[in-house]
Structure formats: C-alpha cells, structure tokens
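In what follows, a single structure is set out as structure tokens and then discussed.
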Amino acid sequence: MQVLQVQLAVQADPSEVGRARRWVRARLKGHGLDPDAPVAETLVLVVSELVTNAVVHTGCPAVLRLSMPVPGARPAGDGAADPPGGVPVRVEVADASLVAPAPRHAGGDATNGRGLELVELLCARWGWYPDGSGKRVWCEIDPQDQGRPQECPVEPNAVFAL
C-alpha cells in the first residue's frame with residue numbers, strides 16, 4: 001500500500017491551530033475524502049487537540065504530519081490485501097519539548113484538560129516517543145471504525161445535567 005505523507009510547519013502561536021484545521025480539511029478534500037465524513041471530522045478534532053497541546057504547552061514551533069493511504073495505489077505485481085479494517089490514517093505532531101504528554105482528568109467545570117482524553121477515545125491507538133531534541137506525539141484513526149458507536153467509559157459517580 002502506498003502512503004501519502006504531507007506536513008505543515010506550525011508556529012508557536014495559538015492562531016496556528018485554526019490554520020492547521022483548515023490545512024487538514026484542504027488535504028483531505030484534495031485526497032478525495034468528504035470533509036464532512038465522520039473520519040474527516042475526527043481527524044480535524046484530533047489535529048486540533050494535538051497542535052494545541054504542542055503550541056500551548058511548549059511555546060515552540062511544531063510540525064504536523066498526516067500519513068494517509070493512497071486509494072487503489074499498489075506497486076505493480078503486489079497481490080497483498082489490505083489489512084482487515086483498512087489502513088489507518090496517522091497523525092503526528094513533533095515539538096521541541098522532551099516533556100511527556102500527560103493525560104489529565106478534567107473536572108466537570110474545567111474549560112480545558114480534555115485533549116488527550118479525546119484523542120484516546122477517538123483513536124485506535126496513540127502514543128509518543130523522544131525524537132531528536134524533542135518528542136513526537138502520534139495517533140492512528142481507523143477509517144472503518146468511524147461512524148460506529150464507541151464504548152465510552154463513564155465514572156460510577158458521574159453526574160449529568162441536561
């Protein structure tokens with residue numbers, strides 16, 4: 001399977017998060033994916049969270065990278081089938097901090113602190129590793145899982161208000 005990799009340099013400015021979202025939508029549309037499809041919405045949200053974390057928590061520029069399978073593209077003579085469930089879309093954000101990302105459990109009234117929880121819930125897998133003088137946070141989204149109900153863990157004493 002051939003993979004298309006595209007990347008965007010992101011400056012250390014919170015307004016860059018909106019630019020990253022627009023860039024992702026444009027790349028997806030250019031790749032032939034409906035920007036309103038569930039997988040596209042998930043990708044935009046995950047990119048928003050990871051780029052926000054990089055920009056806000058490091059105060060340094062970052063690099064956003066998307067890796068997407070090229071539909072129907074196979075090397076000549078390759079009879080291998082795609083893995084079950086399709087090929088995941090990978091999002092990576094590299095920044096200049098060696099500090100590990102730390103998921104937090106935000107309280108009910110908190111206005112932030114849920115980014116990595118969202119990434120964990122929306123992605124098939126995620127992680128990070130040291131990369132040069134910084135780190136790379138990555139996640140993979142399985143397009144086949146999008147649009148299906150997900151099991152959402154709820155705390156036993158959670159209170160919901162309508």
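Quick note on naming: the chains in the structure tokens go A, B, ... in the order shown, residues restart at 1 in each chain, and ligands are numbered from 1 in order of appearance.
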For the structure I just gave you, how does DSSP split segment 2-153 of chain A - specifically, which residues are strand (DSSP E)? Reply as a ChimeraX atom specification. /A:3-10,62-69,89-95,125-131,134-141
Determine, counting only C-alpha atoms, which protein, DNA and RNA residues have an atom within 9 Å of an atom of segment 13-16 of chain A; residues of the same chain fewer than 5 positions away are not included. Present the result as a ChimeraX atom specification. /A:21,51-52,55-56,59-61
Pull all heavy atoms from the residues just selected and write them as a PDB file, in the first residue's frame.
```pdb
ATOM      1  N   ARG A  21      -6.227  23.256  11.255  1.00  0.00           N
ATOM      2  CA  ARG A  21      -7.522  22.621  10.945  1.00  0.00           C
ATOM      3  C   ARG A  21      -7.902  22.858   9.480  1.00  0.00           C
ATOM      4  O   ARG A  21      -8.336  21.941   8.779  1.00  0.00           O
ATOM      5  CB  ARG A  21      -8.626  23.159  11.864  1.00  0.00           C
ATOM      6  CG  ARG A  21      -8.575  22.634  13.268  1.00  0.00           C
ATOM      7  CD  ARG A  21      -9.827  22.983  14.030  1.00  0.00           C
ATOM      8  NE  ARG A  21     -10.032  24.404  14.170  1.00  0.00           N
ATOM      9  CZ  ARG A  21      -9.725  25.115  15.256  1.00  0.00           C
ATOM     10  NH1 ARG A  21      -9.200  24.538  16.311  1.00  0.00           N
ATOM     11  NH2 ARG A  21      -9.951  26.403  15.292  1.00  0.00           N
ATOM     12  N   VAL A  51      -2.154  19.763  18.073  1.00  0.00           N
ATOM     13  CA  VAL A  51      -1.449  21.009  17.749  1.00  0.00           C
ATOM     14  C   VAL A  51      -1.606  22.006  18.896  1.00  0.00           C
ATOM     15  O   VAL A  51      -0.653  22.692  19.272  1.00  0.00           O
ATOM     16  CB  VAL A  51      -1.926  21.596  16.403  1.00  0.00           C
ATOM     17  CG1 VAL A  51      -1.375  22.998  16.176  1.00  0.00           C
ATOM     18  CG2 VAL A  51      -1.514  20.668  15.260  1.00  0.00           C
ATOM     19  N   THR A  52      -2.794  22.081  19.480  1.00  0.00           N
ATOM     20  CA  THR A  52      -2.993  22.963  20.640  1.00  0.00           C
ATOM     21  C   THR A  52      -2.036  22.593  21.757  1.00  0.00           C
ATOM     22  O   THR A  52      -1.390  23.465  22.349  1.00  0.00           O
ATOM     23  CB  THR A  52      -4.447  22.885  21.146  1.00  0.00           C
ATOM     24  OG1 THR A  52      -5.310  23.371  20.124  1.00  0.00           O
ATOM     25  CG2 THR A  52      -4.641  23.712  22.401  1.00  0.00           C
ATOM     26  N   VAL A  55       1.552  23.743  20.825  1.00  0.00           N
ATOM     27  CA  VAL A  55       1.728  25.191  20.815  1.00  0.00           C
ATOM     28  C   VAL A  55       1.603  25.787  22.221  1.00  0.00           C
ATOM     29  O   VAL A  55       2.420  26.603  22.637  1.00  0.00           O
ATOM     30  CB  VAL A  55       0.705  25.847  19.849  1.00  0.00           C
ATOM     31  CG1 VAL A  55       0.674  27.341  19.992  1.00  0.00           C
ATOM     32  CG2 VAL A  55       1.027  25.457  18.417  1.00  0.00           C
ATOM     33  N   VAL A  56       0.594  25.362  22.966  1.00  0.00           N
ATOM     34  CA  VAL A  56       0.334  25.944  24.284  1.00  0.00           C
ATOM     35  C   VAL A  56       1.336  25.475  25.329  1.00  0.00           C
ATOM     36  O   VAL A  56       1.836  26.270  26.125  1.00  0.00           O
ATOM     37  CB  VAL A  56      -1.113  25.639  24.733  1.00  0.00           C
ATOM     38  CG1 VAL A  56      -1.335  26.011  26.182  1.00  0.00           C
ATOM     39  CG2 VAL A  56      -2.106  26.361  23.836  1.00  0.00           C
ATOM     40  N   GLY A  59       5.333  26.321  23.782  1.00  0.00           N
ATOM     41  CA  GLY A  59       5.693  27.678  23.366  1.00  0.00           C
ATOM     42  C   GLY A  59       6.695  27.685  22.229  1.00  0.00           C
ATOM     43  O   GLY A  59       7.354  28.688  21.978  1.00  0.00           O
ATOM     44  N   CYS A  60       6.831  26.566  21.526  1.00  0.00           N
ATOM     45  CA  CYS A  60       7.786  26.425  20.423  1.00  0.00           C
ATOM     46  C   CYS A  60       7.057  26.005  19.159  1.00  0.00           C
ATOM     47  O   CYS A  60       5.969  25.441  19.224  1.00  0.00           O
ATOM     48  CB  CYS A  60       8.825  25.353  20.756  1.00  0.00           C
ATOM     49  SG  CYS A  60       9.828  25.740  22.191  1.00  0.00           S
ATOM     50  N   PRO A  61       7.660  26.229  17.998  1.00  0.00           N
ATOM     51  CA  PRO A  61       7.069  25.741  16.753  1.00  0.00           C
ATOM     52  C   PRO A  61       6.959  24.217  16.773  1.00  0.00           C
ATOM     53  O   PRO A  61       7.643  23.531  17.538  1.00  0.00           O
ATOM     54  CB  PRO A  61       8.048  26.195  15.678  1.00  0.00           C
ATOM     55  CG  PRO A  61       8.817  27.302  16.300  1.00  0.00           C
ATOM     56  CD  PRO A  61       8.888  26.994  17.764  1.00  0.00           C
TER      57      PRO A  61
END
```
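We find atom CA of Asn112 of chain A and atom CA of Trp138 of chain A to be spaced 20.3 Å apart.
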Residues of segment 16-76 of chain A in helix (DSSP H, G or I), written as an mmCIF file with N, CA and C atoms, in the first residue's frame:
```cif
data_model
loop_
_atom_site.group_PDB
_atom_site.id
_atom_site.type_symbol
_atom_site.label_atom_id
_atom_site.label_comp_id
_atom_site.auth_asym_id
_atom_site.auth_seq_id
_atom_site.Cartn_x
_atom_site.Cartn_y
_atom_site.Cartn_z
ATOM 1 N N GLU A 16 -2.398 29.440 15.093
ATOM 2 C CA GLU A 16 -1.953 28.410 14.160
ATOM 3 C C GLU A 16 -2.825 27.158 14.228
ATOM 4 N N VAL A 17 -3.525 26.964 15.338
ATOM 5 C CA VAL A 17 -4.392 25.792 15.469
ATOM 6 C C VAL A 17 -5.499 25.855 14.417
ATOM 7 N N GLY A 18 -6.103 27.018 14.241
ATOM 8 C CA GLY A 18 -7.133 27.178 13.211
ATOM 9 C C GLY A 18 -6.568 26.963 11.819
ATOM 10 N N ARG A 19 -5.361 27.446 11.582
ATOM 11 C CA ARG A 19 -4.724 27.238 10.280
ATOM 12 C C ARG A 19 -4.466 25.748 10.043
ATOM 13 N N ALA A 20 -4.056 25.033 11.090
ATOM 14 C CA ALA A 20 -3.822 23.586 10.968
ATOM 15 C C ALA A 20 -5.127 22.856 10.626
ATOM 16 N N ARG A 21 -6.227 23.256 11.255
ATOM 17 C CA ARG A 21 -7.522 22.621 10.945
ATOM 18 C C ARG A 21 -7.902 22.858 9.480
ATOM 19 N N ARG A 22 -7.764 24.095 9.021
ATOM 20 C CA ARG A 22 -8.096 24.402 7.624
ATOM 21 C C ARG A 22 -7.194 23.624 6.662
ATOM 22 N N TRP A 23 -5.914 23.519 7.003
ATOM 23 C CA TRP A 23 -4.961 22.786 6.176
ATOM 24 C C TRP A 23 -5.357 21.313 6.068
ATOM 25 N N VAL A 24 -5.737 20.710 7.206
ATOM 26 C CA VAL A 24 -6.145 19.305 7.199
ATOM 27 C C VAL A 24 -7.379 19.120 6.329
ATOM 28 N N ARG A 25 -8.372 19.994 6.481
ATOM 29 C CA ARG A 25 -9.580 19.874 5.651
ATOM 30 C C ARG A 25 -9.229 19.944 4.166
ATOM 31 N N ALA A 26 -8.346 20.872 3.816
ATOM 32 C CA ALA A 26 -7.944 21.021 2.413
ATOM 33 C C ALA A 26 -7.201 19.778 1.913
ATOM 34 N N ARG A 27 -6.315 19.214 2.738
ATOM 35 C CA ARG A 27 -5.589 17.994 2.341
ATOM 36 C C ARG A 27 -6.552 16.835 2.156
ATOM 37 N N LEU A 28 -7.523 16.701 3.062
ATOM 38 C CA LEU A 28 -8.489 15.607 2.957
ATOM 39 C C LEU A 28 -9.328 15.747 1.701
ATOM 40 N N LYS A 29 -9.790 16.965 1.438
ATOM 41 C CA LYS A 29 -10.596 17.202 0.233
ATOM 42 C C LYS A 29 -9.770 16.915 -1.013
ATOM 43 N N GLY A 30 -8.516 17.357 -1.016
ATOM 44 C CA GLY A 30 -7.630 17.089 -2.143
ATOM 45 C C GLY A 30 -7.321 15.610 -2.308
ATOM 46 N N PRO A 38 -17.404 11.266 8.818
ATOM 47 C CA PRO A 38 -17.011 11.090 10.218
ATOM 48 C C PRO A 38 -15.497 11.004 10.428
ATOM 49 N N VAL A 39 -14.782 10.304 9.544
ATOM 50 C CA VAL A 39 -13.337 10.189 9.722
ATOM 51 C C VAL A 39 -12.658 11.555 9.556
ATOM 52 N N ALA A 40 -13.178 12.384 8.658
ATOM 53 C CA ALA A 40 -12.604 13.724 8.465
ATOM 54 C C ALA A 40 -12.835 14.590 9.704
ATOM 55 N N GLU A 41 -14.038 14.548 10.247
ATOM 56 C CA GLU A 41 -14.332 15.322 11.460
ATOM 57 C C GLU A 41 -13.442 14.871 12.615
ATOM 58 N N THR A 42 -13.244 13.564 12.740
ATOM 59 C CA THR A 42 -12.384 13.037 13.798
ATOM 60 C C THR A 42 -10.949 13.506 13.595
ATOM 61 N N LEU A 43 -10.453 13.442 12.368
ATOM 62 C CA LEU A 43 -9.095 13.890 12.086
ATOM 63 C C LEU A 43 -8.898 15.362 12.433
ATOM 64 N N VAL A 44 -9.847 16.185 12.050
ATOM 65 C CA VAL A 44 -9.738 17.619 12.327
ATOM 66 C C VAL A 44 -9.721 17.866 13.840
ATOM 67 N N LEU A 45 -10.572 17.181 14.579
ATOM 68 C CA LEU A 45 -10.608 17.346 16.033
ATOM 69 C C LEU A 45 -9.305 16.885 16.674
ATOM 70 N N VAL A 46 -8.802 15.733 16.260
ATOM 71 C CA VAL A 46 -7.564 15.205 16.837
ATOM 72 C C VAL A 46 -6.387 16.124 16.509
ATOM 73 N N VAL A 47 -6.308 16.604 15.276
ATOM 74 C CA VAL A 47 -5.248 17.542 14.901
ATOM 75 C C VAL A 47 -5.338 18.796 15.758
ATOM 76 N N SER A 48 -6.542 19.298 15.939
ATOM 77 C CA SER A 48 -6.738 20.492 16.756
ATOM 78 C C SER A 48 -6.199 20.279 18.172
ATOM 79 N N GLU A 49 -6.515 19.144 18.768
ATOM 80 C CA GLU A 49 -6.064 18.867 20.135
ATOM 81 C C GLU A 49 -4.548 18.718 20.213
ATOM 82 N N LEU A 50 -3.952 17.953 19.299
ATOM 83 C CA LEU A 50 -2.512 17.727 19.372
ATOM 84 C C LEU A 50 -1.711 18.983 19.057
ATOM 85 N N VAL A 51 -2.154 19.763 18.073
ATOM 86 C CA VAL A 51 -1.449 21.009 17.749
ATOM 87 C C VAL A 51 -1.606 22.006 18.896
ATOM 88 N N THR A 52 -2.794 22.081 19.480
ATOM 89 C CA THR A 52 -2.993 22.963 20.640
ATOM 90 C C THR A 52 -2.036 22.593 21.757
ATOM 91 N N ASN A 53 -1.930 21.303 22.069
ATOM 92 C CA ASN A 53 -1.011 20.874 23.124
ATOM 93 C C ASN A 53 0.418 21.298 22.815
ATOM 94 N N ALA A 54 0.858 21.094 21.578
ATOM 95 C CA ALA A 54 2.229 21.446 21.217
ATOM 96 C C ALA A 54 2.466 22.952 21.336
ATOM 97 N N VAL A 55 1.552 23.743 20.825
ATOM 98 C CA VAL A 55 1.728 25.191 20.815
ATOM 99 C C VAL A 55 1.603 25.787 22.221
ATOM 100 N N VAL A 56 0.594 25.362 22.966
ATOM 101 C CA VAL A 56 0.334 25.944 24.284
ATOM 102 C C VAL A 56 1.336 25.475 25.329
ATOM 103 N N HIS A 57 1.650 24.183 25.335
ATOM 104 C CA HIS A 57 2.480 23.650 26.416
ATOM 105 C C HIS A 57 3.977 23.764 26.180
ATOM 106 N N THR A 58 4.412 23.976 24.936
ATOM 107 C CA THR A 58 5.853 24.114 24.694
ATOM 108 C C THR A 58 6.257 25.546 24.369
#
```
One residue among A:His31, A:Arg125, A:Arg136, A:Arg65 is nearest to Val99 of chain A when using only C-alpha atoms, and that residue is A:Arg136
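Atom to atom, atom CA of Val87 of chain A and atom CA of Leu4 of chain A stand 12.0 Å apart.
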Find the residues around Pro103 of chain A up to 8 Å (only C-alpha atoms counted), leave out those fewer than 2 positions away in its own chain, and share them as a JSON list (two decimals) with N, CA, C and O atoms, in the first residue's frame.
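Everything below was put into result24.json:
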```
[["chain", "number", "residue", "atom", "x", "y", "z"],
["A", 101, "PRO", "N", 3.69, 13.82, 27.16],
["A", 101, "PRO", "CA", 2.30, 14.25, 27.27],
["A", 101, "PRO", "C", 1.64, 13.50, 28.43],
["A", 101, "PRO", "O", 1.85, 12.29, 28.59],
["A", 105, "HIS", "N", -7.44, 14.30, 33.94],
["A", 105, "HIS", "CA", -8.87, 14.06, 34.07],
["A", 105, "HIS", "C", -9.48, 15.38, 34.53],
["A", 105, "HIS", "O", -9.38, 15.75, 35.69],
["A", 113, "GLY", "N", -8.13, 20.66, 29.45],
["A", 113, "GLY", "CA", -7.62, 19.46, 30.09],
["A", 113, "GLY", "C", -8.22, 18.17, 29.59],
["A", 113, "GLY", "O", -8.00, 17.11, 30.17],
["A", 114, "ARG", "N", -8.97, 18.23, 28.49],
["A", 114, "ARG", "CA", -9.60, 17.02, 27.97],
["A", 114, "ARG", "C", -9.00, 16.54, 26.65],
["A", 114, "ARG", "O", -9.44, 15.54, 26.09],
["A", 115, "GLY", "N", -8.01, 17.23, 26.13],
["A", 115, "GLY", "CA", -7.48, 16.94, 24.81],
["A", 115, "GLY", "C", -7.01, 15.53, 24.61],
["A", 115, "GLY", "O", -7.41, 14.84, 23.67],
["A", 116, "LEU", "N", -6.14, 15.04, 25.49],
["A", 116, "LEU", "CA", -5.63, 13.68, 25.32],
["A", 116, "LEU", "C", -6.68, 12.63, 25.64],
["A", 116, "LEU", "O", -6.63, 11.53, 25.10],
["A", 117, "GLU", "N", -7.63, 12.97, 26.50],
["A", 117, "GLU", "CA", -8.75, 12.03, 26.72],
["A", 117, "GLU", "C", -9.54, 11.86, 25.43],
["A", 117, "GLU", "O", -9.94, 10.75, 25.08]]
```
Best match for closeness to Pro143 of chain A among A:Gly32, A:Gly127, A:Pro88, A:Pro69, counting only C-alpha atoms: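 Going through A:Gly32, A:Gly127, A:Pro88, A:Pro69 one by one, the smallest distance to Pro143 of chain A is for A:Pro88.
Omitting Pro130 of chain A and its sequence neighbours fewer than 2 positions away, and counting only C-alpha atoms, the residues within 10 Å are Ala94, Asp95, Ala96, Ser97, Leu98, Val99, Ala100, Trp128, Gly132, Ser133, Gly134, Lys135, Arg136 and Val137 of chain A.
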Put those residues in a file: N, CA, C and O atoms, as a compact mmCIF listing (two decimals), in the first residue's frame.
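File again38.txt, as written:
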```
# COMPACT_ATOMS: atom_id res chain seq x y z
N ALA A 94 5.31 16.84 16.00
CA ALA A 94 6.64 16.88 16.60
C ALA A 94 6.86 18.27 17.18
O ALA A 94 6.53 19.28 16.53
N ASP A 95 7.40 18.32 18.41
CA ASP A 95 7.70 19.62 19.02
C ASP A 95 9.07 19.55 19.68
O ASP A 95 9.73 18.52 19.67
N ALA A 96 9.50 20.67 20.26
CA ALA A 96 10.85 20.79 20.81
C ALA A 96 10.92 20.52 22.31
O ALA A 96 11.92 20.85 22.94
N SER A 97 9.92 19.88 22.87
CA SER A 97 9.92 19.59 24.30
C SER A 97 10.10 18.09 24.52
O SER A 97 9.48 17.28 23.84
N LEU A 98 10.91 17.74 25.52
CA LEU A 98 11.07 16.33 25.88
C LEU A 98 10.06 15.89 26.94
O LEU A 98 10.03 14.73 27.33
N VAL A 99 9.24 16.82 27.42
CA VAL A 99 8.25 16.51 28.45
C VAL A 99 7.17 15.62 27.86
O VAL A 99 6.56 15.94 26.84
N ALA A 100 6.94 14.49 28.52
CA ALA A 100 5.94 13.53 28.04
C ALA A 100 4.54 14.12 28.13
O ALA A 100 4.23 14.84 29.08
N TRP A 128 3.65 8.37 22.14
CA TRP A 128 4.66 9.39 21.90
C TRP A 128 6.03 8.74 22.05
O TRP A 128 6.15 7.66 22.63
N GLY A 132 14.83 13.34 18.44
CA GLY A 132 15.85 14.39 18.40
C GLY A 132 15.89 15.12 19.73
O GLY A 132 15.98 14.52 20.79
N SER A 133 15.77 16.44 19.67
CA SER A 133 15.80 17.25 20.90
C SER A 133 14.39 17.51 21.43
O SER A 133 14.21 18.37 22.29
N GLY A 134 13.41 16.77 20.95
CA GLY A 134 12.03 16.96 21.39
C GLY A 134 11.30 15.63 21.44
O GLY A 134 11.87 14.60 21.79
N LYS A 135 10.04 15.67 21.07
CA LYS A 135 9.22 14.46 21.06
C LYS A 135 8.26 14.48 19.88
O LYS A 135 8.06 15.52 19.25
N ARG A 136 7.69 13.32 19.61
CA ARG A 136 6.68 13.18 18.57
C ARG A 136 5.49 12.48 19.19
O ARG A 136 5.62 11.38 19.73
N VAL A 137 4.33 13.13 19.15
CA VAL A 137 3.08 12.53 19.62
C VAL A 137 2.33 12.07 18.38
O VAL A 137 2.24 12.80 17.40
```
What's the separation between atom CA of Ile141 of chain A and atom CA of Val91 of chain A, in Å to one decimal place? 8.2 Å
Using only C-alpha atoms, the best pick from A:Val63, A:Val119, A:Val70, A:Ala12 as closest to Arg104 of chain A would be A:Val119
